[in-house]
Amino acid sequence: MPRDNNHISSDEETVRAIVNGDADSFKQFYIKYFPCLIRYALYHTHSMDLSREMVQELFSRIWIKRNLLNPQKSVKAYMYKSLHNIIINERMLHSSRNISLENMKRADSGNTADIDLKIDIMKALNSLPEKIKTVYLLNRSEGFKYGEIAEICNISEKAVEKRMSKAISLLKKKFSAEYFR
Amino acid sequence: MTNKQKTKHYLNLCIKSITGNTNKDEDELLKKWLNESDENKSEYNNIKKIWDLTSLYEDAQLPDAENEWRELSGITEPADSKAKIRAASRNIGNKKFKPAFKPVLAAALAVLILAAVVLIWNKTHYVPAEEIVLTADKAQKEIRLPDGSTVILNGRSTIRYPETFYGNIREVKLKGEAFFKVTKQEHPFVVSTVNARTTVVGTQFDVWSRGGDTKVIVKKGIVKVTPKISGEKSVRLTANQRSTVIGDQSPTNPEDVNAGFLLGWMQGNLVFDKTPLLSIAGELEKYYNVPIEVTGKKLEEITLTGSFRNMSADSALSMICLALDLKYVKQHGKYIIKSK
């Protein structure tokens, strides 16, 4: 499950180039982060269209404000934080946007037979308190290590551990007993 | 460690192990604990099940990053990018659509909305017929464009667009105000106003253009605003940003705004954002069709931010007066706002 997570060290040079307006480096950066950011947004929005728009918006902001990037700091943390803000903003503007089967079907190319189960899972994930959900999803969607999550969320590793265990125990309560036979 | 603390500690270890966050020593510890009882094993398996269950989008088919990049770079236009999309579309945009208008067919009149369809014929080329939609005061109209994009046209506004989009660009011409929900397509979508061009690929935004000025507010996505006077710099806006093009000046830098509030006109609200009292009086005058006067030089400089909905003229005026600590009187069917 854990994916390649050696981003931070190798990003420094790329980010420096981006700050200097190098479009090719920006493209490299884009291609590298696009999938994991999209997936993270998907877990929050359950809509591919919405996730795409959000990630595009994020990158356009990064490019426009590239002179504000700090190559010595984790740009990954900065990106996830900004994406998170975009997601929260969107939610405030469209509080009525409900979890819909349509979204789910569109976002999920897989088998539709187990769609009911997936909706249960989605609801369970959505019911987690925001801070706990963020930590859990960073781990779940991209396999970030506790240390990296701590950096992204600006909390201690110990706090990450606590939130992870809280997430698991809440989810356990949410899922009906039948999944544990 | 109490028993309870011990269990908690090991449950944390289970989670860490499943999520790939344990070191060797911890793995050993966990192994021992798991072998202690079946109960422990089943705890571990339950956590593992939750973890596996929540992998909703692990295998989701994601959009192709290269394609998405192309779409983004068409708008962001990095300084030395190899993407030529924007340059190409600009050339096309300038040379088409200058037909000699010959209205053949005009006008269907509704109570509030006036919509006219005009066929145009160009002597050298056949150009698709042009649709013209106009709205009266206080009217709003939702229009579906040939590419599936939708437009909500505010009152006192005109939009012109071809019956089918032609060439490598989707261009509409706007006077007044409209909100656009643009479908994503390869060809850029351009809103042309008296002094500016607003270019997008697929997004939601509002264009306001009256009296020689243009204002653009973005609700979602990325929009590029280019002044029509060549040589002036263009500006890129993302969600909840606004730029204004005054006359032949450059667009103002992006300003952070609350698009949801400013675009309240779509819900039938009258929205004012730091608007001078004098302009508000003018708007209300048209809206309620009653004369409204502001007396006193000082009052003219006051500005107000707020939105009004489904209100009588009296309640709107009393709200304004309450907010600004003023009063109003009604004389011979005319409202007069003045200091207390």
# chains A, B, ... in the order shown; residues from 1 in each chain; ligands from 1
call {"tool": "interface_residues", "arguments": {"of": "chain B", "to": "chain A", "cutoff": "8 Å", "atoms": "only C-alpha atoms", "output": "number ranges by chain"}}
result
B: 11-12, 15-16, 19-21, 46-47, 49-51, 53-62, 65-66, 68-69, 72, 76, 78-81, 220-222, 236, 238-239, 260
call {"tool": "residues_around", "arguments": {"residues": "A:Met79", "least_positions_apart": "5", "cutoff": "9 Å", "atoms": "only C-alpha atoms", "output": "compact mmCIF listing (two decimals) with C-alpha atoms, in the first residue's frame"}}
result
# COMPACT_ATOMS: atom_id res chain seq x y z
CA LEU A 37 -4.38 15.34 -5.27
CA LEU A 58 -5.12 24.70 -7.02
CA PHE A 59 -2.42 24.45 -9.67
CA ILE A 62 0.24 27.87 -7.35
CA SER A 74 7.39 21.14 2.14
CA HIS A 84 -8.25 21.45 1.69
CA ILE A 152 0.98 18.58 6.44
call {"tool": "atom_distance", "arguments": {"atom1": "atom CA of B:Glu301", "atom2": "atom CA of B:Ile336"}}
result
16.1 Å
call {"tool": "select_by_dssp", "arguments": {"residues": "stretch 176-286 of chain B", "states": "strand (DSSP E)", "output": "PyMOL selection string"}}
result
chain B and resi 176-181+189-192+196-200+204-210+213-220+223-227+235-237+241-246+255-256+270-276
call {"tool": "closest_residue", "arguments": {"among": "A:Lys174, A:Lys158, A:His44, A:Arg66", "to": "A:Thr14", "atoms": "only C-alpha atoms"}}
result
A:Arg66
call {"tool": "residues_around", "arguments": {"residues": "B:Leu174", "least_positions_apart": "6", "cutoff": "6 Å", "atoms": "only C-alpha atoms", "output": "PyMOL selection string"}}
result
chain B and resi 158-159+193
call {"tool": "closest_residue", "arguments": {"among": "B:Lys330, B:Lys297, B:Lys4, B:Lys224", "to": "B:Ser73", "atoms": "only C-alpha atoms"}}
result
B:Lys224
call {"tool": "closest_residue", "arguments": {"among": "B:Lys286, B:Trp208, B:Gly148, B:Glu163", "to": "B:Lys181", "atoms": "only C-alpha atoms"}}
result
B:Gly148
call {"tool": "atom_distance", "arguments": {"atom1": "atom CA of B:Leu270", "atom2": "atom CA of B:Arg144"}}
result
24.1 Å
call {"tool": "residues_around", "arguments": {"residues": "B:Phe205", "least_positions_apart": "3", "cutoff": "8 Å", "atoms": "only C-alpha atoms", "output": "list in words"}}
result
Phe179, Phe180, Lys181, Val216, Ile217, Val218, Lys219, Lys220 and Val223 of chain B
call {"tool": "residues_around", "arguments": {"residues": "B:Asn310", "least_positions_apart": "3", "cutoff": "12 Å", "atoms": "only C-alpha atoms", "output": "JSON, numbers by chain"}}
result
{"B": [138, 265, 267, 268, 269, 270, 287, 288, 307, 313, 314, 315, 316]}
call {"tool": "write_last_selection", "arguments": {"atoms": "all heavy atoms", "output": "short mmCIF file (atom, residue, chain, number, x, y, z; two decimals), in the first residue's frame"}}
result
data_model
loop_
_atom_site.label_atom_id
_atom_site.label_comp_id
_atom_site.auth_asym_id
_atom_site.auth_seq_id
_atom_site.Cartn_x
_atom_site.Cartn_y
_atom_site.Cartn_z
N LYS B 138 -35.55 44.11 -14.60
CA LYS B 138 -36.06 43.18 -13.60
C LYS B 138 -36.26 41.77 -14.15
O LYS B 138 -36.69 40.88 -13.45
CB LYS B 138 -37.39 43.65 -13.00
CG LYS B 138 -37.24 44.80 -12.04
CD LYS B 138 -38.52 45.00 -11.26
CE LYS B 138 -39.12 46.36 -11.60
NZ LYS B 138 -40.33 46.62 -10.82
N TRP B 265 -27.91 38.20 -7.49
CA TRP B 265 -28.95 38.64 -8.42
C TRP B 265 -29.64 37.46 -9.08
O TRP B 265 -30.80 37.55 -9.46
CB TRP B 265 -28.40 39.60 -9.48
CG TRP B 265 -27.34 39.04 -10.39
CD1 TRP B 265 -26.00 39.15 -10.25
CD2 TRP B 265 -27.53 38.29 -11.61
NE1 TRP B 265 -25.35 38.52 -11.28
CE2 TRP B 265 -26.27 37.99 -12.13
CE3 TRP B 265 -28.66 37.85 -12.30
CZ2 TRP B 265 -26.08 37.27 -13.30
CZ3 TRP B 265 -28.48 37.13 -13.48
CH2 TRP B 265 -27.20 36.85 -13.97
N GLN B 267 -30.64 34.88 -7.65
CA GLN B 267 -31.75 34.47 -6.78
C GLN B 267 -32.78 35.59 -6.65
O GLN B 267 -33.62 35.56 -5.76
CB GLN B 267 -31.24 34.10 -5.39
CG GLN B 267 -30.65 32.71 -5.28
CD GLN B 267 -29.19 32.69 -5.64
OE1 GLN B 267 -28.42 33.53 -5.18
NE2 GLN B 267 -28.80 31.79 -6.51
N GLY B 268 -32.64 36.60 -7.48
CA GLY B 268 -33.58 37.70 -7.43
C GLY B 268 -33.21 38.75 -6.40
O GLY B 268 -34.02 39.62 -6.07
N ASN B 269 -32.00 38.69 -5.86
CA ASN B 269 -31.58 39.70 -4.90
C ASN B 269 -31.02 40.92 -5.61
O ASN B 269 -30.45 40.82 -6.68
CB ASN B 269 -30.47 39.16 -3.98
CG ASN B 269 -30.93 37.96 -3.19
OD1 ASN B 269 -32.08 37.55 -3.29
ND2 ASN B 269 -30.04 37.40 -2.40
N LEU B 270 -31.19 42.05 -4.96
CA LEU B 270 -30.50 43.26 -5.42
C LEU B 270 -29.24 43.33 -4.57
O LEU B 270 -29.31 43.41 -3.36
CB LEU B 270 -31.35 44.49 -5.11
CG LEU B 270 -32.35 44.94 -6.14
CD1 LEU B 270 -33.20 46.07 -5.56
CD2 LEU B 270 -31.67 45.39 -7.41
N TYR B 287 -35.67 49.70 -10.13
CA TYR B 287 -36.24 48.44 -9.68
C TYR B 287 -37.69 48.62 -9.25
O TYR B 287 -38.56 47.84 -9.59
CB TYR B 287 -35.39 47.87 -8.54
CG TYR B 287 -35.76 46.46 -8.16
CD1 TYR B 287 -35.29 45.38 -8.91
CD2 TYR B 287 -36.59 46.21 -7.07
CE1 TYR B 287 -35.63 44.08 -8.58
CE2 TYR B 287 -36.93 44.91 -6.73
CZ TYR B 287 -36.45 43.85 -7.48
OH TYR B 287 -36.78 42.57 -7.15
N TYR B 288 -37.92 49.67 -8.48
CA TYR B 288 -39.28 49.88 -7.94
C TYR B 288 -40.11 50.83 -8.79
O TYR B 288 -41.29 51.03 -8.53
CB TYR B 288 -39.20 50.40 -6.51
CG TYR B 288 -38.65 49.37 -5.54
CD1 TYR B 288 -37.43 49.57 -4.92
CD2 TYR B 288 -39.36 48.22 -5.26
CE1 TYR B 288 -36.91 48.64 -4.04
CE2 TYR B 288 -38.86 47.27 -4.38
CZ TYR B 288 -37.64 47.49 -3.77
OH TYR B 288 -37.14 46.56 -2.92
N SER B 307 -27.66 43.03 0.55
CA SER B 307 -28.50 42.53 -0.53
C SER B 307 -29.96 42.54 -0.09
O SER B 307 -30.28 42.34 1.07
CB SER B 307 -28.03 41.15 -0.96
OG SER B 307 -28.70 40.15 -0.26
N ALA B 313 -40.52 48.79 -1.59
CA ALA B 313 -39.61 49.93 -1.64
C ALA B 313 -39.44 50.50 -0.24
O ALA B 313 -38.33 50.87 0.17
CB ALA B 313 -40.17 50.99 -2.59
N ASP B 314 -40.54 50.55 0.53
CA ASP B 314 -40.47 51.12 1.88
C ASP B 314 -39.54 50.33 2.79
O ASP B 314 -38.72 50.90 3.48
CB ASP B 314 -41.88 51.19 2.50
CG ASP B 314 -42.62 52.42 2.04
OD1 ASP B 314 -42.28 53.50 2.55
OD2 ASP B 314 -43.48 52.30 1.16
N SER B 315 -39.66 48.99 2.73
CA SER B 315 -38.79 48.23 3.64
C SER B 315 -37.32 48.31 3.20
O SER B 315 -36.43 48.35 4.04
CB SER B 315 -39.23 46.79 3.82
OG SER B 315 -40.13 46.39 2.88
N ALA B 316 -37.09 48.32 1.89
CA ALA B 316 -35.70 48.44 1.43
C ALA B 316 -35.10 49.76 1.91
O ALA B 316 -33.99 49.81 2.44
CB ALA B 316 -35.63 48.35 -0.09
#
call {"tool": "atom_distance", "arguments": {"atom1": "atom CA of B:Thr252", "atom2": "atom CA of B:Arg210"}}
result
16.6 Å
call {"tool": "decode", "arguments": {"residues": "stretch 181-224 of chain B", "atoms": "N, CA and C atoms", "output": "PDB file, in the first residue's frame"}}
result
ATOM      1  N   LYS B 181     -22.094  29.272 -17.198  1.00  0.00           N
ATOM      2  CA  LYS B 181     -21.622  27.943 -16.796  1.00  0.00           C
ATOM      3  C   LYS B 181     -21.157  27.300 -18.083  1.00  0.00           C
ATOM      4  N   VAL B 182     -19.862  27.238 -18.273  1.00  0.00           N
ATOM      5  CA  VAL B 182     -19.329  26.824 -19.557  1.00  0.00           C
ATOM      6  C   VAL B 182     -18.955  25.351 -19.544  1.00  0.00           C
ATOM      7  N   THR B 183     -19.409  24.636 -20.534  1.00  0.00           N
ATOM      8  CA  THR B 183     -19.042  23.216 -20.627  1.00  0.00           C
ATOM      9  C   THR B 183     -17.592  23.103 -21.065  1.00  0.00           C
ATOM     10  N   LYS B 184     -16.942  22.071 -20.581  1.00  0.00           N
ATOM     11  CA  LYS B 184     -15.534  21.866 -20.938  1.00  0.00           C
ATOM     12  C   LYS B 184     -15.452  21.354 -22.352  1.00  0.00           C
ATOM     13  N   GLN B 185     -14.706  22.044 -23.176  1.00  0.00           N
ATOM     14  CA  GLN B 185     -14.459  21.596 -24.537  1.00  0.00           C
ATOM     15  C   GLN B 185     -13.087  22.062 -24.942  1.00  0.00           C
ATOM     16  N   GLU B 186     -12.623  21.496 -26.028  1.00  0.00           N
ATOM     17  CA  GLU B 186     -11.284  21.827 -26.493  1.00  0.00           C
ATOM     18  C   GLU B 186     -11.180  23.322 -26.820  1.00  0.00           C
ATOM     19  N   HIS B 187     -12.231  23.866 -27.466  1.00  0.00           N
ATOM     20  CA  HIS B 187     -12.151  25.251 -27.900  1.00  0.00           C
ATOM     21  C   HIS B 187     -12.435  26.216 -26.753  1.00  0.00           C
ATOM     22  N   PRO B 188     -11.598  27.230 -26.617  1.00  0.00           N
ATOM     23  CA  PRO B 188     -11.838  28.214 -25.556  1.00  0.00           C
ATOM     24  C   PRO B 188     -13.172  28.931 -25.766  1.00  0.00           C
ATOM     25  N   PHE B 189     -13.733  29.372 -24.670  1.00  0.00           N
ATOM     26  CA  PHE B 189     -14.986  30.116 -24.677  1.00  0.00           C
ATOM     27  C   PHE B 189     -14.632  31.575 -24.372  1.00  0.00           C
ATOM     28  N   VAL B 190     -15.118  32.491 -25.181  1.00  0.00           N
ATOM     29  CA  VAL B 190     -14.749  33.884 -24.995  1.00  0.00           C
ATOM     30  C   VAL B 190     -15.991  34.756 -24.845  1.00  0.00           C
ATOM     31  N   VAL B 191     -16.011  35.575 -23.798  1.00  0.00           N
ATOM     32  CA  VAL B 191     -17.071  36.568 -23.670  1.00  0.00           C
ATOM     33  C   VAL B 191     -16.469  37.904 -24.063  1.00  0.00           C
ATOM     34  N   SER B 192     -17.007  38.466 -25.134  1.00  0.00           N
ATOM     35  CA  SER B 192     -16.471  39.711 -25.629  1.00  0.00           C
ATOM     36  C   SER B 192     -17.365  40.848 -25.149  1.00  0.00           C
ATOM     37  N   THR B 193     -16.777  41.832 -24.465  1.00  0.00           N
ATOM     38  CA  THR B 193     -17.529  43.010 -24.049  1.00  0.00           C
ATOM     39  C   THR B 193     -16.870  44.233 -24.663  1.00  0.00           C
ATOM     40  N   VAL B 194     -17.415  45.392 -24.411  1.00  0.00           N
ATOM     41  CA  VAL B 194     -16.973  46.590 -25.123  1.00  0.00           C
ATOM     42  C   VAL B 194     -15.461  46.795 -25.036  1.00  0.00           C
ATOM     43  N   ASN B 195     -14.880  46.524 -23.860  1.00  0.00           N
ATOM     44  CA  ASN B 195     -13.453  46.827 -23.720  1.00  0.00           C
ATOM     45  C   ASN B 195     -12.613  45.642 -23.269  1.00  0.00           C
ATOM     46  N   ALA B 196     -13.201  44.441 -23.183  1.00  0.00           N
ATOM     47  CA  ALA B 196     -12.417  43.318 -22.670  1.00  0.00           C
ATOM     48  C   ALA B 196     -12.868  41.999 -23.275  1.00  0.00           C
ATOM     49  N   ARG B 197     -11.944  41.053 -23.234  1.00  0.00           N
ATOM     50  CA  ARG B 197     -12.290  39.684 -23.626  1.00  0.00           C
ATOM     51  C   ARG B 197     -12.009  38.767 -22.439  1.00  0.00           C
ATOM     52  N   THR B 198     -12.958  37.912 -22.100  1.00  0.00           N
ATOM     53  CA  THR B 198     -12.802  37.005 -20.977  1.00  0.00           C
ATOM     54  C   THR B 198     -12.755  35.591 -21.530  1.00  0.00           C
ATOM     55  N   THR B 199     -11.633  34.905 -21.303  1.00  0.00           N
ATOM     56  CA  THR B 199     -11.393  33.612 -21.930  1.00  0.00           C
ATOM     57  C   THR B 199     -11.387  32.493 -20.907  1.00  0.00           C
ATOM     58  N   VAL B 200     -12.098  31.414 -21.204  1.00  0.00           N
ATOM     59  CA  VAL B 200     -12.128  30.272 -20.288  1.00  0.00           C
ATOM     60  C   VAL B 200     -12.159  28.982 -21.097  1.00  0.00           C
ATOM     61  N   VAL B 201     -11.972  27.878 -20.413  1.00  0.00           N
ATOM     62  CA  VAL B 201     -12.160  26.586 -21.065  1.00  0.00           C
ATOM     63  C   VAL B 201     -13.441  25.931 -20.564  1.00  0.00           C
ATOM     64  N   GLY B 202     -13.613  25.862 -19.268  1.00  0.00           N
ATOM     65  CA  GLY B 202     -14.857  25.309 -18.726  1.00  0.00           C
ATOM     66  C   GLY B 202     -14.963  25.725 -17.280  1.00  0.00           C
ATOM     67  N   THR B 203     -15.920  26.541 -16.933  1.00  0.00           N
ATOM     68  CA  THR B 203     -15.959  27.083 -15.588  1.00  0.00           C
ATOM     69  C   THR B 203     -17.229  27.883 -15.357  1.00  0.00           C
ATOM     70  N   GLN B 204     -17.365  28.536 -14.207  1.00  0.00           N
ATOM     71  CA  GLN B 204     -18.539  29.350 -13.914  1.00  0.00           C
ATOM     72  C   GLN B 204     -18.102  30.746 -13.498  1.00  0.00           C
ATOM     73  N   PHE B 205     -18.663  31.733 -14.154  1.00  0.00           N
ATOM     74  CA  PHE B 205     -18.227  33.086 -13.849  1.00  0.00           C
ATOM     75  C   PHE B 205     -19.278  34.089 -14.297  1.00  0.00           C
ATOM     76  N   ASP B 206     -19.114  35.316 -13.825  1.00  0.00           N
ATOM     77  CA  ASP B 206     -20.073  36.375 -14.111  1.00  0.00           C
ATOM     78  C   ASP B 206     -19.357  37.507 -14.831  1.00  0.00           C
ATOM     79  N   VAL B 207     -19.986  38.015 -15.884  1.00  0.00           N
ATOM     80  CA  VAL B 207     -19.425  39.184 -16.568  1.00  0.00           C
ATOM     81  C   VAL B 207     -20.457  40.295 -16.513  1.00  0.00           C
ATOM     82  N   TRP B 208     -19.997  41.469 -16.107  1.00  0.00           N
ATOM     83  CA  TRP B 208     -20.865  42.638 -16.014  1.00  0.00           C
ATOM     84  C   TRP B 208     -20.241  43.697 -16.891  1.00  0.00           C
ATOM     85  N   SER B 209     -21.007  44.270 -17.799  1.00  0.00           N
ATOM     86  CA  SER B 209     -20.426  45.297 -18.650  1.00  0.00           C
ATOM     87  C   SER B 209     -21.449  46.370 -18.952  1.00  0.00           C
ATOM     88  N   ARG B 210     -21.253  47.530 -18.365  1.00  0.00           N
ATOM     89  CA  ARG B 210     -22.127  48.667 -18.631  1.00  0.00           C
ATOM     90  C   ARG B 210     -21.271  49.921 -18.675  1.00  0.00           C
ATOM     91  N   GLY B 211     -21.754  50.877 -19.455  1.00  0.00           N
ATOM     92  CA  GLY B 211     -21.102  52.183 -19.508  1.00  0.00           C
ATOM     93  C   GLY B 211     -19.619  52.134 -19.813  1.00  0.00           C
ATOM     94  N   GLY B 212     -19.210  51.209 -20.682  1.00  0.00           N
ATOM     95  CA  GLY B 212     -17.814  51.200 -21.107  1.00  0.00           C
ATOM     96  C   GLY B 212     -16.875  50.465 -20.181  1.00  0.00           C
ATOM     97  N   ASP B 213     -17.375  49.938 -19.044  1.00  0.00           N
ATOM     98  CA  ASP B 213     -16.526  49.191 -18.115  1.00  0.00           C
ATOM     99  C   ASP B 213     -16.943  47.714 -18.110  1.00  0.00           C
ATOM    100  N   THR B 214     -16.032  46.859 -17.645  1.00  0.00           N
ATOM    101  CA  THR B 214     -16.340  45.438 -17.538  1.00  0.00           C
ATOM    102  C   THR B 214     -15.840  44.919 -16.197  1.00  0.00           C
ATOM    103  N   LYS B 215     -16.681  44.096 -15.545  1.00  0.00           N
ATOM    104  CA  LYS B 215     -16.275  43.464 -14.291  1.00  0.00           C
ATOM    105  C   LYS B 215     -16.453  41.971 -14.445  1.00  0.00           C
ATOM    106  N   VAL B 216     -15.482  41.199 -13.980  1.00  0.00           N
ATOM    107  CA  VAL B 216     -15.592  39.743 -14.071  1.00  0.00           C
ATOM    108  C   VAL B 216     -15.446  39.145 -12.676  1.00  0.00           C
ATOM    109  N   ILE B 217     -16.401  38.283 -12.298  1.00  0.00           N
ATOM    110  CA  ILE B 217     -16.331  37.588 -11.007  1.00  0.00           C
ATOM    111  C   ILE B 217     -16.333  36.088 -11.282  1.00  0.00           C
ATOM    112  N   VAL B 218     -15.373  35.374 -10.692  1.00  0.00           N
ATOM    113  CA  VAL B 218     -15.271  33.939 -10.951  1.00  0.00           C
ATOM    114  C   VAL B 218     -15.843  33.157  -9.785  1.00  0.00           C
ATOM    115  N   LYS B 219     -16.706  32.195 -10.104  1.00  0.00           N
ATOM    116  CA  LYS B 219     -17.274  31.359  -9.058  1.00  0.00           C
ATOM    117  C   LYS B 219     -16.500  30.055  -8.963  1.00  0.00           C
ATOM    118  N   LYS B 220     -16.027  29.592 -10.090  1.00  0.00           N
ATOM    119  CA  LYS B 220     -15.356  28.301 -10.105  1.00  0.00           C
ATOM    120  C   LYS B 220     -14.412  28.249 -11.295  1.00  0.00           C
ATOM    121  N   GLY B 221     -13.245  27.661 -11.116  1.00  0.00           N
ATOM    122  CA  GLY B 221     -12.335  27.463 -12.227  1.00  0.00           C
ATOM    123  C   GLY B 221     -11.417  28.653 -12.462  1.00  0.00           C
ATOM    124  N   ILE B 222     -10.935  28.762 -13.679  1.00  0.00           N
ATOM    125  CA  ILE B 222      -9.930  29.764 -14.004  1.00  0.00           C
ATOM    126  C   ILE B 222     -10.420  30.580 -15.203  1.00  0.00           C
ATOM    127  N   VAL B 223     -10.223  31.879 -15.125  1.00  0.00           N
ATOM    128  CA  VAL B 223     -10.698  32.761 -16.183  1.00  0.00           C
ATOM    129  C   VAL B 223      -9.603  33.751 -16.512  1.00  0.00           C
ATOM    130  N   LYS B 224      -9.503  34.083 -17.783  1.00  0.00           N
ATOM    131  CA  LYS B 224      -8.496  35.066 -18.176  1.00  0.00           C
ATOM    132  C   LYS B 224      -9.191  36.292 -18.747  1.00  0.00           C
TER     133      LYS B 224
END
